[in-house]
>>> print(open('upload.cif').read())   # mmCIF, C-alpha atoms; chains and numbers go by the auth columns
data_coords
loop_
_atom_site.group_PDB
_atom_site.id
_atom_site.type_symbol
_atom_site.label_atom_id
_atom_site.label_comp_id
_atom_site.label_asym_id
_atom_site.label_seq_id
_atom_site.Cartn_x
_atom_site.Cartn_y
_atom_site.Cartn_z
_atom_site.B_iso_or_equiv
_atom_site.auth_seq_id
_atom_site.auth_asym_id
ATOM 1 C CA MET A 1 80.640 97.427 -83.423 0.00 1 A
ATOM 2 C CA GLU A 2 80.411 93.707 -82.707 0.00 2 A
ATOM 3 C CA LEU A 3 83.394 93.775 -80.347 0.00 3 A
ATOM 4 C CA LEU A 4 81.844 96.721 -78.514 0.00 4 A
ATOM 5 C CA ALA A 5 78.553 94.835 -78.165 0.00 5 A
ATOM 6 C CA ILE A 6 80.384 91.801 -76.762 0.00 6 A
ATOM 7 C CA ALA A 7 82.304 93.996 -74.309 0.00 7 A
ATOM 8 C CA ILE A 8 79.105 95.728 -73.177 0.00 8 A
ATOM 9 C CA SER A 9 77.370 92.379 -72.718 0.00 9 A
ATOM 10 C CA LEU A 10 80.201 91.004 -70.588 0.00 10 A
ATOM 11 C CA ALA A 11 80.341 94.190 -68.530 0.00 11 A
ATOM 12 C CA LEU A 12 76.594 94.058 -67.874 0.00 12 A
ATOM 13 C CA SER A 13 76.816 90.366 -66.949 0.00 13 A
ATOM 14 C CA PHE A 14 79.571 91.117 -64.462 0.00 14 A
ATOM 15 C CA ILE A 15 77.675 94.048 -62.942 0.00 15 A
ATOM 16 C CA LEU A 16 74.438 92.075 -62.610 0.00 16 A
ATOM 17 C CA GLY A 17 76.276 89.156 -61.074 0.00 17 A
ATOM 18 C CA SER A 18 78.142 91.412 -58.680 0.00 18 A
ATOM 19 C CA ILE A 19 74.996 92.737 -56.952 0.00 19 A
ATOM 20 C CA PRO A 20 75.629 91.529 -53.363 0.00 20 A
ATOM 21 C CA SER A 21 72.122 90.220 -52.720 0.00 21 A
ATOM 22 C CA GLY A 22 72.669 88.609 -49.333 0.00 22 A
ATOM 23 C CA TYR A 23 74.541 91.603 -47.970 0.00 23 A
ATOM 24 C CA LEU A 24 71.916 94.093 -49.181 0.00 24 A
ATOM 25 C CA ILE A 25 68.917 92.073 -47.986 0.00 25 A
ATOM 26 C CA VAL A 26 70.257 91.466 -44.484 0.00 26 A
ATOM 27 C CA LYS A 27 71.569 95.022 -44.144 0.00 27 A
ATOM 28 C CA LYS A 28 68.242 96.496 -45.258 0.00 28 A
ATOM 29 C CA PHE A 29 65.876 94.403 -43.168 0.00 29 A
ATOM 30 C CA LYS A 30 67.996 93.357 -40.185 0.00 30 A
ATOM 31 C CA GLY A 31 70.573 96.112 -39.981 0.00 31 A
ATOM 32 C CA ILE A 32 73.318 93.474 -39.844 0.00 32 A
ATOM 33 C CA ASP A 33 76.533 93.285 -41.848 0.00 33 A
ATOM 34 C CA ILE A 34 76.402 89.604 -42.813 0.00 34 A
ATOM 35 C CA ARG A 35 80.162 89.683 -43.402 0.00 35 A
ATOM 36 C CA LYS A 36 80.605 89.953 -39.637 0.00 36 A
ATOM 37 C CA VAL A 37 78.443 86.916 -38.881 0.00 37 A
ATOM 38 C CA GLY A 38 79.384 83.229 -38.974 0.00 38 A
ATOM 39 C CA SER A 39 81.691 82.457 -41.865 0.00 39 A
ATOM 40 C CA GLY A 40 81.535 86.042 -43.119 0.00 40 A
ATOM 41 C CA ASN A 41 80.218 84.871 -46.482 0.00 41 A
ATOM 42 C CA ILE A 42 77.384 86.782 -48.175 0.00 42 A
ATOM 43 C CA GLY A 43 75.727 83.636 -49.546 0.00 43 A
ATOM 44 C CA SER A 44 72.428 82.094 -48.486 0.00 44 A
ATOM 45 C CA THR A 45 73.960 79.509 -46.131 0.00 45 A
ATOM 46 C CA ASN A 46 75.566 82.161 -43.951 0.00 46 A
ATOM 47 C CA VAL A 47 72.508 84.403 -44.285 0.00 47 A
ATOM 48 C CA LYS A 48 70.459 81.563 -42.774 0.00 48 A
ATOM 49 C CA ARG A 49 72.855 81.436 -39.826 0.00 49 A
ATOM 50 C CA GLY A 50 72.819 85.164 -39.275 0.00 50 A
ATOM 51 C CA ALA A 51 69.319 86.250 -40.244 0.00 51 A
ATOM 52 C CA GLY A 52 67.098 83.195 -40.533 0.00 52 A
ATOM 53 C CA LYS A 53 65.550 80.906 -43.130 0.00 53 A
ATOM 54 C CA GLY A 54 63.297 83.516 -44.744 0.00 54 A
ATOM 55 C CA PHE A 55 66.169 85.839 -45.555 0.00 55 A
ATOM 56 C CA SER A 56 68.194 82.873 -46.765 0.00 56 A
ATOM 57 C CA ILE A 57 65.462 81.916 -49.244 0.00 57 A
ATOM 58 C CA ALA A 58 65.225 85.526 -50.407 0.00 58 A
ATOM 59 C CA THR A 59 68.980 85.572 -50.960 0.00 59 A
ATOM 60 C CA GLN A 60 68.855 82.310 -52.908 0.00 60 A
ATOM 61 C CA ALA A 61 66.098 83.645 -55.136 0.00 61 A
ATOM 62 C CA ALA A 62 67.880 86.947 -55.753 0.00 62 A
ATOM 63 C CA ASP A 63 71.154 85.215 -56.617 0.00 63 A
ATOM 64 C CA VAL A 64 69.417 82.856 -59.047 0.00 64 A
ATOM 65 C CA VAL A 65 67.512 85.731 -60.665 0.00 65 A
ATOM 66 C CA LYS A 66 70.581 87.903 -61.198 0.00 66 A
ATOM 67 C CA GLY A 67 72.395 85.008 -62.890 0.00 67 A
ATOM 68 C CA ALA A 68 69.435 84.357 -65.187 0.00 68 A
ATOM 69 C CA ALA A 69 69.012 88.096 -65.840 0.00 69 A
ATOM 70 C CA ALA A 70 72.606 88.354 -67.053 0.00 70 A
ATOM 71 C CA VAL A 71 72.004 85.603 -69.609 0.00 71 A
ATOM 72 C CA LEU A 72 68.662 87.093 -70.684 0.00 72 A
ATOM 73 C CA VAL A 73 70.373 90.429 -71.335 0.00 73 A
ATOM 74 C CA ALA A 74 73.098 88.603 -73.281 0.00 74 A
ATOM 75 C CA MET A 75 70.405 86.879 -75.359 0.00 75 A
ATOM 76 C CA GLY A 76 68.927 90.257 -76.241 0.00 76 A
ATOM 77 C CA ILE A 77 72.294 91.743 -77.158 0.00 77 A
ATOM 78 C CA TYR A 78 73.191 88.718 -79.255 0.00 78 A
ATOM 79 C CA LYS A 79 69.978 89.000 -81.254 0.00 79 A
ATOM 80 C CA PHE A 80 69.905 92.805 -81.589 0.00 80 A
ATOM 81 C CA PHE A 81 73.502 93.175 -82.716 0.00 81 A
ATOM 82 C CA ASP A 82 73.510 90.007 -84.847 0.00 82 A
ATOM 83 C CA ILE A 83 76.760 88.794 -83.264 0.00 83 A
ATOM 84 C CA SER A 84 78.648 86.258 -85.367 0.00 84 A
ATOM 85 C CA MET A 85 80.162 84.354 -82.413 0.00 85 A
ATOM 86 C CA ASP A 86 78.605 80.956 -81.678 0.00 86 A
ATOM 87 C CA ARG A 87 75.464 81.675 -79.638 0.00 87 A
ATOM 88 C CA ASN A 88 75.992 78.952 -77.049 0.00 88 A
ATOM 89 C CA PHE A 89 79.598 80.026 -76.471 0.00 89 A
ATOM 90 C CA PHE A 90 78.536 83.668 -76.138 0.00 90 A
ATOM 91 C CA LEU A 91 75.778 82.927 -73.625 0.00 91 A
ATOM 92 C CA ALA A 92 77.866 80.473 -71.589 0.00 92 A
ATOM 93 C CA MET A 93 80.700 83.009 -71.469 0.00 93 A
ATOM 94 C CA ASN A 94 78.321 85.660 -70.139 0.00 94 A
ATOM 95 C CA ALA A 95 76.962 83.164 -67.597 0.00 95 A
ATOM 96 C CA PHE A 96 80.467 82.527 -66.277 0.00 96 A
ATOM 97 C CA VAL A 97 81.264 86.243 -66.122 0.00 97 A
ATOM 98 C CA ALA A 98 78.102 86.783 -64.030 0.00 98 A
ATOM 99 C CA ILE A 99 79.371 84.129 -61.610 0.00 99 A
ATOM 100 C CA LEU A 100 82.731 85.888 -61.450 0.00 100 A
ATOM 101 C CA GLY A 101 80.871 89.080 -60.584 0.00 101 A
ATOM 102 C CA HIS A 102 79.120 87.345 -57.696 0.00 102 A
ATOM 103 C CA ASP A 103 82.278 85.731 -56.375 0.00 103 A
ATOM 104 C CA TYR A 104 84.395 88.874 -56.707 0.00 104 A
ATOM 105 C CA THR A 105 81.940 91.726 -56.377 0.00 105 A
ATOM 106 C CA PRO A 106 83.600 95.156 -56.629 0.00 106 A
ATOM 107 C CA PHE A 107 80.878 96.507 -54.324 0.00 107 A
ATOM 108 C CA LEU A 108 82.401 94.606 -51.393 0.00 108 A
ATOM 109 C CA GLY A 109 86.102 94.908 -52.128 0.00 109 A
ATOM 110 C CA PHE A 110 86.053 92.037 -54.664 0.00 110 A
ATOM 111 C CA ASN A 111 85.086 89.542 -51.976 0.00 111 A
ATOM 112 C CA GLY A 112 81.716 87.935 -52.628 0.00 112 A
ATOM 113 C CA GLY A 113 80.038 84.571 -52.256 0.00 113 A
ATOM 114 C CA LYS A 114 80.767 81.068 -53.491 0.00 114 A
ATOM 115 C CA GLY A 115 78.549 81.248 -56.541 0.00 115 A
ATOM 116 C CA VAL A 116 76.267 78.239 -56.097 0.00 116 A
ATOM 117 C CA ASN A 117 72.898 79.901 -56.651 0.00 117 A
ATOM 118 C CA THR A 118 74.217 82.359 -59.222 0.00 118 A
ATOM 119 C CA THR A 119 75.660 79.412 -61.151 0.00 119 A
ATOM 120 C CA LEU A 120 72.232 77.780 -61.198 0.00 120 A
ATOM 121 C CA GLY A 121 70.563 80.938 -62.432 0.00 121 A
ATOM 122 C CA ALA A 122 73.230 81.672 -65.018 0.00 122 A
ATOM 123 C CA PHE A 123 73.081 78.231 -66.640 0.00 123 A
ATOM 124 C CA VAL A 124 69.422 77.293 -66.225 0.00 124 A
ATOM 125 C CA LEU A 125 68.483 78.966 -69.520 0.00 125 A
ATOM 126 C CA ILE A 126 71.430 77.381 -71.332 0.00 126 A
ATOM 127 C CA GLU A 127 71.648 73.906 -69.789 0.00 127 A
ATOM 128 C CA PRO A 128 68.363 73.262 -67.952 0.00 128 A
ATOM 129 C CA ILE A 129 68.792 69.474 -67.825 0.00 129 A
ATOM 130 C CA ALA A 130 72.243 69.782 -66.239 0.00 130 A
ATOM 131 C CA VAL A 131 71.015 72.375 -63.735 0.00 131 A
ATOM 132 C CA PHE A 132 67.976 70.379 -62.637 0.00 132 A
ATOM 133 C CA THR A 133 70.084 67.223 -62.380 0.00 133 A
ATOM 134 C CA GLY A 134 72.519 69.054 -60.127 0.00 134 A
ATOM 135 C CA VAL A 135 69.688 70.418 -57.975 0.00 135 A
ATOM 136 C CA ALA A 136 68.121 66.963 -57.708 0.00 136 A
ATOM 137 C CA LEU A 137 71.440 65.498 -56.554 0.00 137 A
ATOM 138 C CA TYR A 138 71.762 68.311 -54.006 0.00 138 A
ATOM 139 C CA PHE A 139 68.476 67.312 -52.378 0.00 139 A
ATOM 140 C CA VAL A 140 69.225 63.599 -52.586 0.00 140 A
ATOM 141 C CA LEU A 141 72.516 64.206 -50.777 0.00 141 A
ATOM 142 C CA ALA A 142 70.581 66.132 -48.113 0.00 142 A
ATOM 143 C CA LYS A 143 69.266 62.737 -47.006 0.00 143 A
ATOM 144 C CA VAL A 144 72.836 61.524 -46.586 0.00 144 A
ATOM 145 C CA THR A 145 74.723 64.509 -45.201 0.00 145 A
ATOM 146 C CA LYS A 146 73.857 67.810 -43.537 0.00 146 A
ATOM 147 C CA ILE A 147 77.143 69.348 -44.674 0.00 147 A
ATOM 148 C CA VAL A 148 76.061 72.003 -47.172 0.00 148 A
ATOM 149 C CA SER A 149 79.507 72.445 -48.716 0.00 149 A
ATOM 150 C CA ILE A 150 79.609 68.803 -49.881 0.00 150 A
ATOM 151 C CA ARG A 151 76.222 69.138 -51.535 0.00 151 A
ATOM 152 C CA SER A 152 77.121 72.476 -53.115 0.00 152 A
ATOM 153 C CA MET A 153 80.386 71.254 -54.600 0.00 153 A
ATOM 154 C CA SER A 154 78.688 68.084 -55.849 0.00 154 A
ATOM 155 C CA LEU A 155 76.100 70.241 -57.591 0.00 155 A
ATOM 156 C CA GLY A 156 78.791 72.253 -59.371 0.00 156 A
ATOM 157 C CA VAL A 157 80.692 69.190 -60.540 0.00 157 A
ATOM 158 C CA THR A 158 77.465 67.486 -61.665 0.00 158 A
ATOM 159 C CA LEU A 159 76.569 70.502 -63.781 0.00 159 A
ATOM 160 C CA PHE A 160 79.780 70.068 -65.757 0.00 160 A
ATOM 161 C CA LEU A 161 79.603 66.261 -65.972 0.00 161 A
ATOM 162 C CA VAL A 162 76.060 66.267 -67.328 0.00 162 A
ATOM 163 C CA THR A 163 76.939 68.756 -70.077 0.00 163 A
ATOM 164 C CA LEU A 164 79.949 66.623 -70.941 0.00 164 A
ATOM 165 C CA VAL A 165 78.103 63.287 -70.978 0.00 165 A
ATOM 166 C CA LYS A 166 75.108 64.494 -72.952 0.00 166 A
ATOM 167 C CA GLY A 167 77.309 66.095 -75.585 0.00 167 A
ATOM 168 C CA SER A 168 76.442 69.732 -75.001 0.00 168 A
ATOM 169 C CA PRO A 169 78.037 72.408 -77.200 0.00 169 A
ATOM 170 C CA PHE A 170 81.642 73.325 -76.492 0.00 170 A
ATOM 171 C CA GLY A 171 80.717 76.618 -74.825 0.00 171 A
ATOM 172 C CA SER A 172 78.534 74.869 -72.264 0.00 172 A
ATOM 173 C CA VAL A 173 81.167 72.242 -71.514 0.00 173 A
ATOM 174 C CA ILE A 174 84.102 74.616 -71.108 0.00 174 A
ATOM 175 C CA PHE A 175 82.270 77.230 -69.066 0.00 175 A
ATOM 176 C CA THR A 176 80.491 74.762 -66.763 0.00 176 A
ATOM 177 C CA LEU A 177 83.931 73.237 -66.196 0.00 177 A
ATOM 178 C CA LEU A 178 85.333 76.653 -65.292 0.00 178 A
ATOM 179 C CA ALA A 179 82.315 77.311 -63.072 0.00 179 A
ATOM 180 C CA ALA A 180 82.820 73.984 -61.265 0.00 180 A
ATOM 181 C CA LEU A 181 86.531 74.656 -60.756 0.00 181 A
ATOM 182 C CA LEU A 182 85.778 78.159 -59.480 0.00 182 A
ATOM 183 C CA MET A 183 83.181 76.764 -57.088 0.00 183 A
ATOM 184 C CA LEU A 184 85.692 74.262 -55.731 0.00 184 A
ATOM 185 C CA TYR A 185 88.267 77.027 -55.362 0.00 185 A
ATOM 186 C CA ARG A 186 85.793 79.220 -53.476 0.00 186 A
ATOM 187 C CA HIS A 187 85.152 76.265 -51.149 0.00 187 A
ATOM 188 C CA GLU A 188 88.880 75.850 -50.447 0.00 188 A
ATOM 189 C CA GLU A 189 88.531 76.432 -46.702 0.00 189 A
ATOM 190 C CA ASN A 190 85.579 74.042 -46.529 0.00 190 A
ATOM 191 C CA ILE A 191 87.637 71.368 -48.289 0.00 191 A
ATOM 192 C CA LYS A 192 90.466 71.844 -45.785 0.00 192 A
ATOM 193 C CA ARG A 193 88.020 71.495 -42.889 0.00 193 A
ATOM 194 C CA LEU A 194 86.499 68.387 -44.497 0.00 194 A
ATOM 195 C CA ILE A 195 89.935 66.811 -44.725 0.00 195 A
ATOM 196 C CA ARG A 196 90.559 67.612 -41.056 0.00 196 A
ATOM 197 C CA GLY A 197 87.083 66.398 -40.096 0.00 197 A
ATOM 198 C CA GLU A 198 86.128 69.838 -38.769 0.00 198 A
ATOM 199 C CA GLU A 199 83.475 70.927 -41.272 0.00 199 A
ATOM 200 C CA LYS A 200 80.157 71.715 -39.585 0.00 200 A
#
>>> encode(input="upload.cif", output="structure tokens")
Amino acid sequence: MELLAIAISLALSFILGSIPSGYLIVKKFKGIDIRKVGSGNIGSTNVKRGAGKGFSIATQAADVVKGAAAVLVAMGIYKFFDISMDRNFFLAMNAFVAILGHDYTPFLGFNGGKGVNTTLGAFVLIEPIAVFTGVALYFVLAKVTKIVSIRSMSLGVTLFLVTLVKGSPFGSVIFTLLAALLMLYRHEENIKRLIRGEEK
């Protein structure tokens, strides 16, 4: 029964994370397939390019909410089924699976966003200090560079480093590390353009 509860929790986290917020919002209100605009990404940065700031903010909010919702559901399942696994590890694992759902959504052929906002939402209930530190750095860097990819990747790495430095539980450390590595991987093309000096 416990294994089934864990499997259901992970499946729900993946499904919640995989809701393609940016695509649905822009398609519904603008009639545009955001995948055919700009970088083709469904995240808030490309939504801003293709549909405007208001839709970008809506996408950010939706992506944060779905990440947090996945963890809230996992919290409920953990309590209801009295799961013996370490609570922090269980929640952090579900947080990471929600991010995987966003990045590789089955609703769009397993090609989703880069996971920045969903990462924030997924970990804010588990590691609030790390999340708010990462967000603060993001806005500080905005004064230095207008390149969003640099700020986004810095946020992801900071999330992991803060959990590591402040001695967070193992689950938080390992899954924020995986989230940071996944975020860097999803920014692979941005990194290549940064190296060539071509990133906008």
>>> closest_atom_pairs(input="upload.cif", of="range 57-95 of chain A", to="range 39-43 of chain A", cutoff="12 Å", atoms="all atoms listed in the file", output="Markdown table")
| residue | atom | partner | partner_atom | distance |
| --- | --- | --- | --- | --- |
| A:Ile57 | CA | A:Gly43 | CA | 10.4 |
| A:Ala58 | CA | A:Gly43 | CA | 10.7 |
| A:Thr59 | CA | A:Gly43 | CA | 7.2 |
| A:Gln60 | CA | A:Gly43 | CA | 7.8 |
| A:Ala61 | CA | A:Gly43 | CA | 11.1 |
| A:Ala62 | CA | A:Gly43 | CA | 10.5 |
| A:Asp63 | CA | A:Gly43 | CA | 8.6 |
| A:Val64 | CA | A:Gly43 | CA | 11.4 |
>>> resolve_selection(input="upload.cif", expression="the PyMOL selection byres ((chain A and resi 189) around 12)", output="list of chain:residue names")
A:Ser39, A:Asn41, A:Lys114, A:Ser149, A:Met183, A:Leu184, A:Tyr185, A:Arg186, A:His187, A:Glu188, A:Asn190, A:Ile191, A:Lys192, A:Arg193, A:Leu194, A:Ile195, A:Arg196, A:Glu198, A:Glu199, A:Lys200
>>> closest_residue(input="upload.cif", among="A:Ala5, A:Ile83, A:Ile25, A:Ile15", to="Pro106 in chain A", atoms="only C-alpha atoms")
A:Ile15
>>> atom_distance(input="upload.cif", atom1="CA of Lys36 in chain A", atom2="CA of Gly109 in chain A")
14.5 Å
>>> resolve_selection(input="upload.cif", expression="the PyMOL selection byres ((chain A and resi 1) around 12)", output="count of residues only")
13
>>> residues_around(input="upload.cif", residues="Val140 in chain A", least_positions_apart="5", cutoff="12 Å", atoms="all atoms listed in the file", output="PyMOL selection string")
chain A and resi 133-135+145-146+150-152+154-155
>>> atom_distance(input="upload.cif", atom1="CA of Ser44 in chain A", atom2="CA of Leu108 in chain A")
16.3 Å
>>> resolve_selection(input="upload.cif", expression="the PyMOL selection byres ((chain A and resi 171) around 7)", output="CSV table (one decimal) with C-alpha atoms, keeping the file's coordinate frame")
chain,number,residue,atom,x,y,z
A,88,ASN,CA,76.0,79.0,-77.0
A,89,PHE,CA,79.6,80.0,-76.5
A,92,ALA,CA,77.9,80.5,-71.6
A,169,PRO,CA,78.0,72.4,-77.2
A,170,PHE,CA,81.6,73.3,-76.5
A,172,SER,CA,78.5,74.9,-72.3
A,173,VAL,CA,81.2,72.2,-71.5
A,174,ILE,CA,84.1,74.6,-71.1
A,175,PHE,CA,82.3,77.2,-69.1
>>> closest_residue(input="upload.cif", among="A:Leu24, A:Gly67, A:Gly38, A:Phe123", to="Phe55 in chain A", atoms="all atoms listed in the file")
A:Leu24
>>> atom_distance(input="upload.cif", atom1="CA of Asn111 in chain A", atom2="CA of Arg35 in chain A")
9.9 Å
>>> residues_near_point(input="upload.cif", point="(78.4, 89.9, -62.1)", cutoff="7 Å", atoms="only C-alpha atoms", output="JSON, numbers by chain")
{"A": [13, 14, 15, 16, 17, 18, 19, 97, 98, 99, 100, 101, 102, 105]}
>>> closest_residue(input="upload.cif", among="A:Leu164, A:Val73, A:Met153, A:Ala95", to="Ile129 in chain A", atoms="only C-alpha atoms")
A:Leu164
>>> closest_residue(input="upload.cif", among="A:Ile34, A:Ala180, A:Ala74, A:Ala130", to="Val47 in chain A", atoms="only C-alpha atoms")
A:Ile34
>>> closest_residue(input="upload.cif", among="A:Ala11, A:Ala51, A:Val162, A:Met75", to="Val37 in chain A", atoms="all atoms listed in the file")
A:Ala51
>>> closest_residue(input="upload.cif", among="A:Ala179, A:Val116, A:Met93, A:Val157", to="Ser9 in chain A", atoms="only C-alpha atoms")
A:Met93
>>> decode(input="upload.cif", residues="range 38-50 of chain A", atoms="N, CA, C and O atoms", output="compact mmCIF listing (two decimals), in the first residue's frame")
# COMPACT_ATOMS: atom_id res chain seq x y z
N GLY A 38 9.43 33.35 -31.31
CA GLY A 38 10.72 33.55 -30.64
C GLY A 38 11.54 32.29 -30.53
O GLY A 38 11.83 31.62 -31.52
N SER A 39 11.89 31.94 -29.30
CA SER A 39 12.72 30.75 -29.06
C SER A 39 11.93 29.45 -29.16
O SER A 39 12.51 28.37 -29.18
N GLY A 40 10.60 29.56 -29.18
CA GLY A 40 9.77 28.36 -29.24
C GLY A 40 9.51 27.75 -27.88
O GLY A 40 8.81 26.74 -27.76
N ASN A 41 10.05 28.37 -26.83
CA ASN A 41 9.88 27.85 -25.48
C ASN A 41 8.52 28.28 -24.92
O ASN A 41 8.03 29.34 -25.26
N ILE A 42 7.95 27.45 -24.04
CA ILE A 42 6.64 27.77 -23.48
C ILE A 42 6.73 28.55 -22.17
O ILE A 42 5.70 28.84 -21.56
N GLY A 43 7.94 28.89 -21.74
CA GLY A 43 8.13 29.60 -20.49
C GLY A 43 7.79 31.08 -20.57
O GLY A 43 7.53 31.64 -21.64
N SER A 44 7.81 31.73 -19.41
CA SER A 44 7.36 33.12 -19.29
C SER A 44 8.20 34.11 -20.10
O SER A 44 7.68 35.11 -20.58
N THR A 45 9.49 33.84 -20.24
CA THR A 45 10.35 34.76 -21.00
C THR A 45 9.92 34.83 -22.45
O THR A 45 9.79 35.92 -23.03
N ASN A 46 9.67 33.68 -23.06
CA ASN A 46 9.23 33.67 -24.45
C ASN A 46 7.79 34.14 -24.58
O ASN A 46 7.41 34.75 -25.59
N VAL A 47 6.97 33.87 -23.57
CA VAL A 47 5.59 34.36 -23.57
C VAL A 47 5.59 35.89 -23.59
O VAL A 47 4.77 36.51 -24.27
N LYS A 48 6.52 36.50 -22.87
CA LYS A 48 6.61 37.97 -22.86
C LYS A 48 6.93 38.48 -24.25
O LYS A 48 6.38 39.49 -24.69
N ARG A 49 7.82 37.78 -24.95
CA ARG A 49 8.18 38.18 -26.32
C ARG A 49 6.97 38.06 -27.26
O ARG A 49 6.74 38.93 -28.09
N GLY A 50 6.25 36.97 -27.11
CA GLY A 50 5.19 36.68 -28.07
C GLY A 50 3.83 37.22 -27.73
O GLY A 50 3.01 37.43 -28.63
